[in-house]
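Asker: The structure follows.
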Amino acid sequence: MINIDFDKSGGIIPAVVQDYGTGEVLMLAYMNKEAFEKTLETGKGYFFSRSRNKLWLKGESSGHVQIVKEILIDCDNDTLLLKVEQIGGAACHTGYNSCFFRKISGEEMKIIKDKKVFDPEKVYGK
């Protein structure tokens, strides 16, 4: 039996998503119990959108899905690490491979990755 503490943070827990092959951190998302169970059932990354207040499949609109290769849980049973194979492009909706493409240096924020993997306007029509 898996004992994940969803109650500690009001029904959702953080899920760090990491590239299975490279180890690069791709994104941070949140999961509720339904998202966790759907991820286990399908082998794809499902998360809970706090802004839309609903379950979502990563890549449902872009086609950039995440195939879950491994799930680790922290010592407090309230944070997950998903190691995934990123399919069809990038993890970040801005077009970069990772959501962590900027670096804070002093009081400045610099883009450290200069190349986007895809054009968000073409993928999302925005």
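Just remember, in the structure tokens the first chain shown is A, the second B, etc., residues are 1-based per chain, and ligands are 1-based in the order shown.
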Could you give me the residues within chain A that DSSP places in helix (DSSP H, G or I), as a ChimeraX atom specification?
Answerer: /A:7-9,33-42,120-124
Asker: Those residues with N, CA and C atoms, as an mmCIF file, in the first residue's frame please?
Answerer:
data_model
loop_
_atom_site.group_PDB
_atom_site.id
_atom_site.type_symbol
_atom_site.label_atom_id
_atom_site.label_comp_id
_atom_site.auth_asym_id
_atom_site.auth_seq_id
_atom_site.Cartn_x
_atom_site.Cartn_y
_atom_site.Cartn_z
ATOM 1 N N ASP A 7 -3.099 14.987 2.424
ATOM 2 C CA ASP A 7 -3.819 15.864 3.350
ATOM 3 C C ASP A 7 -2.968 17.004 3.885
ATOM 4 N N LYS A 8 -1.659 16.796 3.961
ATOM 5 C CA LYS A 8 -0.770 17.791 4.562
ATOM 6 C C LYS A 8 -0.857 19.156 3.882
ATOM 7 N N SER A 9 -1.026 19.168 2.588
ATOM 8 C CA SER A 9 -1.062 20.437 1.840
ATOM 9 C C SER A 9 -2.407 20.675 1.164
ATOM 10 N N LYS A 33 -4.757 13.056 -5.483
ATOM 11 C CA LYS A 33 -4.849 11.596 -5.489
ATOM 12 C C LYS A 33 -5.305 11.062 -6.844
ATOM 13 N N GLU A 34 -6.261 11.734 -7.467
ATOM 14 C CA GLU A 34 -6.770 11.305 -8.770
ATOM 15 C C GLU A 34 -5.665 11.350 -9.838
ATOM 16 N N ALA A 35 -4.875 12.417 -9.842
ATOM 17 C CA ALA A 35 -3.778 12.545 -10.815
ATOM 18 C C ALA A 35 -2.741 11.442 -10.599
ATOM 19 N N PHE A 36 -2.430 11.157 -9.347
ATOM 20 C CA PHE A 36 -1.466 10.101 -9.040
ATOM 21 C C PHE A 36 -1.979 8.746 -9.529
ATOM 22 N N GLU A 37 -3.236 8.442 -9.229
ATOM 23 C CA GLU A 37 -3.816 7.156 -9.639
ATOM 24 C C GLU A 37 -3.890 7.035 -11.159
ATOM 25 N N LYS A 38 -4.236 8.126 -11.844
ATOM 26 C CA LYS A 38 -4.319 8.127 -13.306
ATOM 27 C C LYS A 38 -2.918 7.943 -13.915
ATOM 28 N N THR A 39 -1.910 8.518 -13.294
ATOM 29 C CA THR A 39 -0.532 8.342 -13.744
ATOM 30 C C THR A 39 -0.122 6.883 -13.605
ATOM 31 N N LEU A 40 -0.429 6.280 -12.473
ATOM 32 C CA LEU A 40 -0.112 4.861 -12.272
ATOM 33 C C LEU A 40 -0.842 3.981 -13.283
ATOM 34 N N GLU A 41 -2.091 4.305 -13.528
ATOM 35 C CA GLU A 41 -2.938 3.507 -14.429
ATOM 36 C C GLU A 41 -2.477 3.586 -15.888
ATOM 37 N N THR A 42 -2.074 4.776 -16.337
ATOM 38 C CA THR A 42 -1.777 4.981 -17.761
ATOM 39 C C THR A 42 -0.285 4.995 -18.099
ATOM 40 N N PRO A 120 5.562 28.277 -29.419
ATOM 41 C CA PRO A 120 4.275 28.140 -28.704
ATOM 42 C C PRO A 120 3.073 28.631 -29.507
ATOM 43 N N GLU A 121 3.270 29.665 -30.335
ATOM 44 C CA GLU A 121 2.141 30.174 -31.137
ATOM 45 C C GLU A 121 1.635 29.119 -32.120
ATOM 46 N N LYS A 122 2.549 28.355 -32.688
ATOM 47 C CA LYS A 122 2.157 27.313 -33.632
ATOM 48 C C LYS A 122 1.492 26.131 -32.917
ATOM 49 N N VAL A 123 1.968 25.824 -31.720
ATOM 50 C CA VAL A 123 1.447 24.665 -30.982
ATOM 51 C C VAL A 123 0.119 24.981 -30.299
ATOM 52 N N TYR A 124 0.052 26.142 -29.646
ATOM 53 C CA TYR A 124 -1.137 26.483 -28.864
ATOM 54 C C TYR A 124 -2.062 27.485 -29.550
#
Asker: As a PyMOL selection string, please: the residues near region 97-113 of chain A (cut-off 9 Å, only C-alpha atoms, same-chain neighbours under 3 positions excluded).
Answerer: chain A and resi 24-28+89-94+116-118
Asker: Suppose you want the space between CA of Leu72 (chain A) and CA of Phe6 (chain A); what is it in Å?
Answerer: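 Here the two named atoms are 15.2 Å from each other.
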Asker: Within 10 Å of Tyr20 (chain A), counting only C-alpha atoms, which residues show up once you throw out same-chain ones fewer than 2 positions away? Write them as a list in words, please.
Answerer: Val17, Gln18, Thr22, Gly23, Glu24, Val25, Ile67, Val68, Lys69, Glu70, Leu82, Lys83, Val84, Glu85 and Gln86 of chain A
Asker: What gap, in Å, lies between CA of Asp114 (chain A) and CA of Tyr46 (chain A)?
Answerer: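 Distance between the two atoms: 28.5 Å.
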Asker: Could you check how far CA of Pro14 (chain A) sits from CA of Gly88 (chain A), in Å to one decimal?
Answerer: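 Computing it gives 24.0 Å between the two atoms.
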Asker: I need the residues in chain A that are strand (DSSP E) according to DSSP; give them as a PyMOL selection string.
Answerer: chain A and resi 13-19+25-31+46-49+54-57+66-73+80-86+102-105+108-111
Asker: From the set A:Gly43, A:Tyr96, A:Asn32, A:Ile71, which residue has the shortest atom-to-atom contact distance to Trp56 (chain A), counting only C-alpha atoms?
Answerer: A:Asn32
Asker: Restricting the calculation to only C-alpha atoms, which member of A:Gly125, A:Gly11, A:Asp19, A:Ser51 is positioned closest to Met31 (chain A)?
Answerer: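 Among A:Gly125, A:Gly11, A:Asp19, A:Ser51, it is A:Gly11 that comes nearest to Met31 (chain A).
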Asker: Could you check which of A:Gln66, A:Asn3, A:Ser49, A:Thr79 is closest to Ala15 (chain A), using only C-alpha atoms?
Answerer: A:Thr79
